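See below for the structure under consideration.
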Amino acid sequence: MGTISISHLGKAYKHYPNRWSILAEWIDPFRKSRHELRWVLQDLNFVVSPGESLGIIGMNGAGKSTLLKMIVGTTRPTTGQVHISGRVAALLELGMGFHPDFTGRENVYMAGQLLGFSLEEITHLMPQIEGFAEIGEYIDQPVRV
């Protein structure tokens, strides 16, 4: 089991008044900046220890997905650090990584293998995965239906 430590984490995105400002800043990077920073997250600090769970709740645009992307490393923080001990994997968007023409069960096997699990490990975990999904026999239907 691993630990997730977040210290002074923050993320800001550049906001330009128009698309020409992006080009002007790119062509002449030594002049004054033509953007302003829009902070999505600022000064987050927390630790998730082995065996603990953490829920992230907020309105649309609150930065939940941005935080998860920084934890798994798909987005770099503007400030602060993320320290992971152990293994972290995430499905950040609903349906991400699922092929609509395959069944739920087939998608579980494919996703599990992409995460480095053997077929035997996935087969062993399948009853728990089915229980967690709470979709019963529909796990054997194509995801699109």
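Just so we're on the same page: first chain in the structure tokens is A, next is B, and so on; residues restart at 1 for each chain, and ligands are numbered from 1 in the order they show up.
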
Could you go through chain A and tell me which residues DSSP, when run on the backbone, assigns to alpha helix (DSSP H), listing them as a PyMOL selection string? chain A and resi 19-27+64-72+104-114+119-133

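The list of residues with at least one atom within 7 Å of stretch 75-82 of chain A, based on only C-alpha atoms and without residues fewer than 2 positions apart in the same chain, reads Ser5, Ile6, Ser7, His8, Leu9, Gly10, Lys11, Ala12, Lys69, Met70, Ile71, Gly73 and Ile84 of chain A.
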
Running DSSP on the backbone, which parts of stretch 30-101 of chain A land in strand (DSSP E), as number ranges by chain? A: 36-48, 79-85

Using only C-alpha atoms, which protein or nucleic acid residues come within 9 Å of A:Met1? Drop anything in the same chain fewer than 3 positions from it, and give the result as a compact mmCIF listing (two decimals) with all heavy atoms, in the first residue's frame.
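Result file follows (out_19.txt):
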```txt
# COMPACT_ATOMS: atom_id res chain seq x y z
N SER A 49 -2.93 8.24 3.81
CA SER A 49 -2.10 7.15 4.29
C SER A 49 -2.66 5.81 3.83
O SER A 49 -3.82 5.72 3.43
CB SER A 49 -2.05 7.18 5.82
OG SER A 49 -1.45 8.39 6.25
N PRO A 50 -1.85 4.76 3.89
CA PRO A 50 -2.33 3.43 3.51
C PRO A 50 -3.60 3.06 4.26
O PRO A 50 -3.71 3.27 5.46
CB PRO A 50 -1.17 2.51 3.90
CG PRO A 50 0.03 3.37 3.84
CD PRO A 50 -0.44 4.73 4.30
N GLY A 51 -4.58 2.56 3.51
CA GLY A 51 -5.85 2.15 4.10
C GLY A 51 -6.88 3.25 4.20
O GLY A 51 -8.03 2.99 4.51
N SER A 85 4.13 7.20 -2.87
CA SER A 85 4.86 5.96 -2.62
C SER A 85 3.86 4.84 -2.91
O SER A 85 2.75 4.85 -2.41
CB SER A 85 5.38 5.89 -1.18
OG SER A 85 4.31 5.76 -0.28
N GLY A 86 4.24 3.94 -3.77
CA GLY A 86 3.32 2.90 -4.21
C GLY A 86 2.89 3.17 -5.63
O GLY A 86 3.54 3.89 -6.38
N ARG A 87 1.76 2.61 -6.01
CA ARG A 87 1.29 2.68 -7.39
C ARG A 87 -0.04 3.41 -7.44
O ARG A 87 -0.92 3.16 -6.62
CB ARG A 87 1.12 1.25 -7.90
CG ARG A 87 0.90 1.15 -9.36
CD ARG A 87 1.14 -0.26 -9.78
NE ARG A 87 -0.14 -0.91 -10.01
CZ ARG A 87 -0.27 -2.12 -10.48
NH1 ARG A 87 0.79 -2.83 -10.75
NH2 ARG A 87 -1.45 -2.63 -10.68
```

Might you pull out every residue within 9 Å of A:Tyr109, with only C-alpha atoms counted and same-chain residues fewer than 5 positions away left off, and present them as number ranges by chain? A: 104, 114, 117, 119, 122-123, 126

Fewer than 5 positions away in the same chain doesn't count, so skip those; otherwise give me all residues within 9 Å of A:Ala62, counting only C-alpha atoms, as number ranges by chain. A: 40-41, 57

Can I get the selected residues back with N, CA and C atoms, as a JSON list (two decimals), in the first residue's frame?
```
[["chain", "number", "residue", "atom", "x", "y", "z"],
["A", 40, "VAL", "N", -6.59, 27.71, -10.54],
["A", 40, "VAL", "CA", -7.64, 26.70, -10.39],
["A", 40, "VAL", "C", -7.55, 26.10, -8.98],
["A", 41, "LEU", "N", -6.33, 25.86, -8.51],
["A", 41, "LEU", "CA", -6.08, 25.32, -7.17],
["A", 41, "LEU", "C", -4.93, 26.09, -6.55],
["A", 57, "ILE", "N", -15.02, 16.46, -3.55],
["A", 57, "ILE", "CA", -16.35, 16.92, -3.91],
["A", 57, "ILE", "C", -16.26, 18.40, -4.25]]
```

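When only C-alpha atoms are used to measure the gap to A:Arg34, the shortest distance among A:Tyr13, A:Phe132, A:Tyr138, A:Trp20 belongs to A:Trp20.
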